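Enquirer: Please see the structure below; I have some questions.
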Amino acid sequence: MSIRLQSCPKGHTLELDKVCPPQETVAKVRASLEVFGEDVLAETRRIDTGRLGIPVYLSICGKTARRVMPTRKQMGKGASAIQAEASALVELAERFSFFSFWQGIQDTEPCTWSEAQRKWPGQVLPISEIACSVSDTLPEEQIESLMDLVAWRFVPATRLDTGREFLVPLEWFRKINEFNGSSAGNTPEESILQGVCELVERHVCAVVDRDRPVTPSLDPASFTDPVLHELMDAFKREGIVVVLKDFSLGLPVPTVAAVAHDPATFPERSEIVFTAGTASTPSKAAIRALTEVAQLAGDFETGSNYEASGLPKFTELSQIAWLLEGDVVPLSSLPDIGREDILDELTKLCDGLERMDFRAYSVETTQPKLGIPAHYSFVPGFQFRERALNPCVGLFVGRMLAEEALPEQAKAGLEHLALLYPNASFPMFFQGLLAVRQGRFSEALEALAKSESGLEQRDDQALAAFYQGYAMSREEQWSSCLPHLDRAIHLCPEVKEYFNLRGVAKFKQGEYVGAEADFRSALDLDSGSAMDLANMGLCVKFQGRLEEAEALLRSALELDSTLDFVREHLLELQSPEKADD
């Protein structure tokens with residue numbers, strides 16, 4: 001069923017443009033969540049220290065939500081406490097709806113591309129959009145042959161500029177975009193505008209990260225929005241250096257990036273924060289960027305570590321020198337599609353994208369019992385930083401074959417890939433990955449080693465090296481897997497899984513000091529990793545630092561109560577009297 005959009009006047013424009021004030025949103029979402037009791041929402045909690053005065057909230061998942069979702073908490077931001085809480089609650093509704101939707105479509109009968117075209121003639125998304133989504137230049141008939149190598153679940157999606165409905169292999173877009181583009185809101189129009197703006201944000205950030213262009217800096221003297229002034233004053237009051245940049249890159253909607261650091265606490269107790277925000281107007285985009293800084297920064301005093309997503313994470317001030325270049329321009333020079341009606345803004349955005357040969361699509365993902373409008377949107381041709389630098393249809397189909405398909409189907413499909421991409425090394429990589437899955441580790445090592453030498457990007461080479469180490473770890477050849485993991489980390493030191501496996505390999509050999517350092521590095525990349533926290537606690541325990549070990553293990557258990565081995569080690573650390581209790 002296609003999405004039917006209608007007029008959607010704004011009812012709140014103070015800090016963000018919404019249909020209603022955040023108080024109403026909080027009440028509405030809480031009432032909807034009560035249908036599930038505490039099984040979806042356990043609690044909301046304010047987590048900022050108060051230094052900046054910019055509130056940050058968490059929504060903590062209940063038992064039902066944890067069964068459906070891979071995440072256990074969502075963060076919410078805003079210039080006011082009630083807006084930050086509303087953001088955290090809507091984020092929970094969005095994620096719960098998204099992952100519930102994916103569970104629901106598992107009952108949909110999968111079919112290949114050709115089968116779908118025969119079954120629904122004229123209704124399937126044009127194959128050109130699949131090619132465009134990863135900039136693949138193969139002829140369309142060859143793209144179709146690749147899409148025939150696996151079966152897809154086709155679901156209805158609405159092209160937003162025309163309202164026309166197409167059947168799309170949604171798993172394809174999730175594979176290349178993950179859950180970027182998922183959204184929720186008070187109305188469908190509010191939700192979809194938010195989702196498409198997020199896609200624009202991720203796209204321009206990916207382009208900036210890849211090309212490092214000189215972009216304009218924004219003149220704070222040109223800011224007229226009172227909320228934006230208050231946010232800037234909060235950073236200035238605490239001595240935090242903030243530079244705002246125009247990352248709009250000619251798109252029809254403004255994107256403002258922010259890079260911030262605290263000279264008084266960096267690097268001992270804070271990090272360089274680099275993030276961005278996209279909204280209908282320049283002021284609201286800047287507000288989104290600054291509240292995102294507050295969300296990630298831990299008030300620049302807690303020693304917290306944020307996980308990079310749309311933009312890279314920098315650890316030295318010299319790395320941001322390029323961001324300080326460029327002309328200084330007024331905020332009003334950015335594109336502005338602000339209107340009194342959210343539908344008018346969404347229409348203007350989608351029409352502007354179409355003129356640039358980008359078409360926005362959306363799928364409704366609303367959880368029926370929850371009733372909060374939720375959607376998953378995608379724009380074929382938009383980039384995503386976490387995606388491979390030189391993607392193609394074969395790359396993602398190959399991954400699905402290697403990870404999910406039946407062995408004979410995967411083998412035949414990967415041979416077809418090798419024919420269509422004769423000069424590429426990724427088909428050999430996936431053959432190695434398939435061999436790992438089947439437990440053929442010697443064959444896997446040979447294929448992965450061959451592919452590593454031919455892969456062009458350091459990240460891809462690192463992945464091939466990692467899987468060589470992983471293959472050897474499966475045979476418990478712990479010392480032999482270390483050189484491969486060392487190589488992976490040298491090539492790409494921003495992946496926590498590489499440090500985690502190297503830590504495990506060292507731990508298995510009794511190298512507790514080195515293992516502790518690796519688990520600590522993994523936590524630097526993802527401070528919410530309960531397993532790495534638990535592993536570090538064990539390393540500390542076996543080094544005799546028992547009080548520190550107990551604290552680490554308790555923290556791990558707070559993050560993940562299912563880690564039974566942590567409970568066992570905690571009992572060992574407790575006094576006999578306490579254990580008897």
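We name chains A, B, ... following the order of the structure tokens; residues begin at 1 in each chain, and ligands are numbered from 1 as shown.
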Write down as a PyMOL selection string the residues belonging to segment 216-442 of chain A that are assigned strand (DSSP E) by DSSP computed on the backbone.
Expert: chain A and resi 217-218+241-246+255-261+273-278+328-329+361-364+374-378
Enquirer: Give me the residues near Arg440 of chain A as a list in words, where near means some atom within 9 Å (using only C-alpha atoms) and where sequence neighbours in that chain fewer than 6 positions away do not count.
Expert: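 Once the nearby chain positions are removed, what remains is Gly432, Leu434 and Ala471 of chain A.
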Enquirer: Write out as a PyMOL selection string the residues lying within 8 Å of Val293 of chain A, counting only C-alpha atoms and excluding same-chain residues fewer than 2 positions away.
Expert: chain A and resi 258+260+273-275+289-291+295-297
Enquirer: Within 10 Å of Gly277 of chain A, counting only C-alpha atoms, which residues qualify if same-chain residues fewer than 2 places away don't, as a list of chain:residue names?
Expert: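 Returned residues: A:Cys197, A:Glu198, A:Val200, A:Glu201, A:Arg202, A:Cys205, A:Phe247, A:Pro254, A:Thr255, A:Val256, A:Ala257, A:Ala258, A:Thr275, A:Ala279, A:Pro282, A:Lys284, A:Ala285, A:Ala286, A:Ile287, A:Arg288, A:Ala289, A:Leu290, A:Thr291, A:Glu292, A:Val293.
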Enquirer: Would you list the contacts of segment 375-383 of chain A as a PyMOL selection string, taking every protein, DNA or RNA residue within 7 Å and counting only C-alpha atoms, but skipping same-chain residues closer than 2 positions in sequence?
Expert: chain A and resi 129+132-135+181-184+191-192+195-196+203+206+358-366+373+385
Enquirer: Identify, on the basis of only C-alpha atoms, every residue whose closest approach to Pro110 of chain A does not exceed 10 Å; exclude the query and any residue fewer than 4 positions from it along the same chain; express the result as a PDB file with all heavy atoms, in the first residue's frame.
Expert:
ATOM      1  N   ILE A 105       8.515  -9.194   7.962  1.00  0.00           N
ATOM      2  CA  ILE A 105       8.584  -9.514   6.532  1.00  0.00           C
ATOM      3  C   ILE A 105       9.305 -10.829   6.259  1.00  0.00           C
ATOM      4  O   ILE A 105       9.424 -11.241   5.101  1.00  0.00           O
ATOM      5  CB  ILE A 105       9.225  -8.385   5.701  1.00  0.00           C
ATOM      6  CG1 ILE A 105      10.722  -8.233   6.012  1.00  0.00           C
ATOM      7  CG2 ILE A 105       8.482  -7.082   5.883  1.00  0.00           C
ATOM      8  CD1 ILE A 105      11.438  -7.336   5.017  1.00  0.00           C
ATOM      9  N   GLN A 106       9.770 -11.501   7.315  1.00  0.00           N
ATOM     10  CA  GLN A 106      10.401 -12.808   7.095  1.00  0.00           C
ATOM     11  C   GLN A 106       9.403 -13.819   6.542  1.00  0.00           C
ATOM     12  O   GLN A 106       9.781 -14.832   5.960  1.00  0.00           O
ATOM     13  CB  GLN A 106      11.018 -13.325   8.395  1.00  0.00           C
ATOM     14  CG  GLN A 106      12.145 -12.465   8.940  1.00  0.00           C
ATOM     15  CD  GLN A 106      13.198 -12.138   7.896  1.00  0.00           C
ATOM     16  OE1 GLN A 106      13.777 -13.038   7.288  1.00  0.00           O
ATOM     17  NE2 GLN A 106      13.432 -10.854   7.666  1.00  0.00           N
ATOM     18  N   GLU A 115      12.176 -13.590 -11.286  1.00  0.00           N
ATOM     19  CA  GLU A 115      10.889 -14.113 -10.837  1.00  0.00           C
ATOM     20  C   GLU A 115       9.943 -12.979 -10.456  1.00  0.00           C
ATOM     21  O   GLU A 115       8.745 -13.024 -10.758  1.00  0.00           O
ATOM     22  CB  GLU A 115      11.099 -15.049  -9.642  1.00  0.00           C
ATOM     23  CG  GLU A 115      11.747 -16.379 -10.019  1.00  0.00           C
ATOM     24  CD  GLU A 115      12.171 -17.183  -8.811  1.00  0.00           C
ATOM     25  OE1 GLU A 115      12.230 -16.607  -7.694  1.00  0.00           O
ATOM     26  OE2 GLU A 115      12.457 -18.390  -8.982  1.00  0.00           O
ATOM     27  N   ALA A 116      10.491 -11.954  -9.794  1.00  0.00           N
ATOM     28  CA  ALA A 116       9.659 -10.813  -9.405  1.00  0.00           C
ATOM     29  C   ALA A 116       9.135 -10.070 -10.627  1.00  0.00           C
ATOM     30  O   ALA A 116       7.967  -9.657 -10.664  1.00  0.00           O
ATOM     31  CB  ALA A 116      10.464  -9.862  -8.518  1.00  0.00           C
ATOM     32  N   VAL A 150      20.603 -14.455  -5.725  1.00  0.00           N
ATOM     33  CA  VAL A 150      20.001 -14.643  -4.406  1.00  0.00           C
ATOM     34  C   VAL A 150      18.518 -14.300  -4.501  1.00  0.00           C
ATOM     35  O   VAL A 150      18.067 -13.646  -5.449  1.00  0.00           O
ATOM     36  CB  VAL A 150      20.680 -13.763  -3.323  1.00  0.00           C
ATOM     37  CG1 VAL A 150      22.117 -14.178  -3.103  1.00  0.00           C
ATOM     38  CG2 VAL A 150      20.611 -12.295  -3.697  1.00  0.00           C
ATOM     39  N   ALA A 151      17.754 -14.721  -3.506  1.00  0.00           N
ATOM     40  CA  ALA A 151      16.321 -14.415  -3.461  1.00  0.00           C
ATOM     41  C   ALA A 151      16.090 -13.234  -2.528  1.00  0.00           C
ATOM     42  O   ALA A 151      16.772 -13.079  -1.512  1.00  0.00           O
ATOM     43  CB  ALA A 151      15.535 -15.627  -2.983  1.00  0.00           C
ATOM     44  N   TRP A 152      15.128 -12.389  -2.895  1.00  0.00           N
ATOM     45  CA  TRP A 152      14.843 -11.161  -2.158  1.00  0.00           C
ATOM     46  C   TRP A 152      13.390 -11.133  -1.723  1.00  0.00           C
ATOM     47  O   TRP A 152      12.525 -11.700  -2.389  1.00  0.00           O
ATOM     48  CB  TRP A 152      15.116  -9.933  -3.041  1.00  0.00           C
ATOM     49  CG  TRP A 152      16.435  -9.945  -3.729  1.00  0.00           C
ATOM     50  CD1 TRP A 152      16.723 -10.481  -4.952  1.00  0.00           C
ATOM     51  CD2 TRP A 152      17.663  -9.413  -3.236  1.00  0.00           C
ATOM     52  NE1 TRP A 152      18.041 -10.306  -5.263  1.00  0.00           N
ATOM     53  CE2 TRP A 152      18.660  -9.653  -4.219  1.00  0.00           C
ATOM     54  CE3 TRP A 152      18.030  -8.761  -2.063  1.00  0.00           C
ATOM     55  CZ2 TRP A 152      19.979  -9.254  -4.057  1.00  0.00           C
ATOM     56  CZ3 TRP A 152      19.350  -8.355  -1.892  1.00  0.00           C
ATOM     57  CH2 TRP A 152      20.311  -8.605  -2.887  1.00  0.00           C
ATOM     58  N   ARG A 153      13.128 -10.427  -0.642  1.00  0.00           N
ATOM     59  CA  ARG A 153      11.746 -10.174  -0.224  1.00  0.00           C
ATOM     60  C   ARG A 153      11.339  -8.807  -0.760  1.00  0.00           C
ATOM     61  O   ARG A 153      11.898  -7.794  -0.347  1.00  0.00           O
ATOM     62  CB  ARG A 153      11.622 -10.255   1.294  1.00  0.00           C
ATOM     63  CG  ARG A 153      11.810 -11.665   1.831  1.00  0.00           C
ATOM     64  CD  ARG A 153      11.821 -11.706   3.344  1.00  0.00           C
ATOM     65  NE  ARG A 153      11.919 -13.088   3.812  1.00  0.00           N
ATOM     66  CZ  ARG A 153      13.063 -13.757   3.930  1.00  0.00           C
ATOM     67  NH1 ARG A 153      14.207 -13.164   3.613  1.00  0.00           N
ATOM     68  NH2 ARG A 153      13.074 -15.017   4.363  1.00  0.00           N
ATOM     69  N   PHE A 154      10.403  -8.802  -1.674  1.00  0.00           N
ATOM     70  CA  PHE A 154       9.968  -7.563  -2.305  1.00  0.00           C
ATOM     71  C   PHE A 154       8.816  -6.953  -1.506  1.00  0.00           C
ATOM     72  O   PHE A 154       7.832  -7.632  -1.197  1.00  0.00           O
ATOM     73  CB  PHE A 154       9.539  -7.818  -3.749  1.00  0.00           C
ATOM     74  CG  PHE A 154      10.696  -8.043  -4.682  1.00  0.00           C
ATOM     75  CD1 PHE A 154      11.349  -9.271  -4.724  1.00  0.00           C
ATOM     76  CD2 PHE A 154      11.145  -7.017  -5.506  1.00  0.00           C
ATOM     77  CE1 PHE A 154      12.428  -9.476  -5.573  1.00  0.00           C
ATOM     78  CE2 PHE A 154      12.229  -7.214  -6.364  1.00  0.00           C
ATOM     79  CZ  PHE A 154      12.869  -8.443  -6.394  1.00  0.00           C
ATOM     80  N   PRO A 169      13.428  -4.773  -3.548  1.00  0.00           N
ATOM     81  CA  PRO A 169      14.125  -5.757  -2.712  1.00  0.00           C
ATOM     82  C   PRO A 169      14.755  -5.012  -1.531  1.00  0.00           C
ATOM     83  O   PRO A 169      15.931  -4.628  -1.564  1.00  0.00           O
ATOM     84  CB  PRO A 169      15.184  -6.327  -3.667  1.00  0.00           C
ATOM     85  CG  PRO A 169      15.477  -5.183  -4.600  1.00  0.00           C
ATOM     86  CD  PRO A 169      14.210  -4.400  -4.728  1.00  0.00           C
TER      87      PRO A 169
END
Enquirer: Enter the distance from atom CA of Pro220 of chain A to atom CA of Gly326 of chain A, in Å, rounded to one decimal.
Expert: 14.9 Å
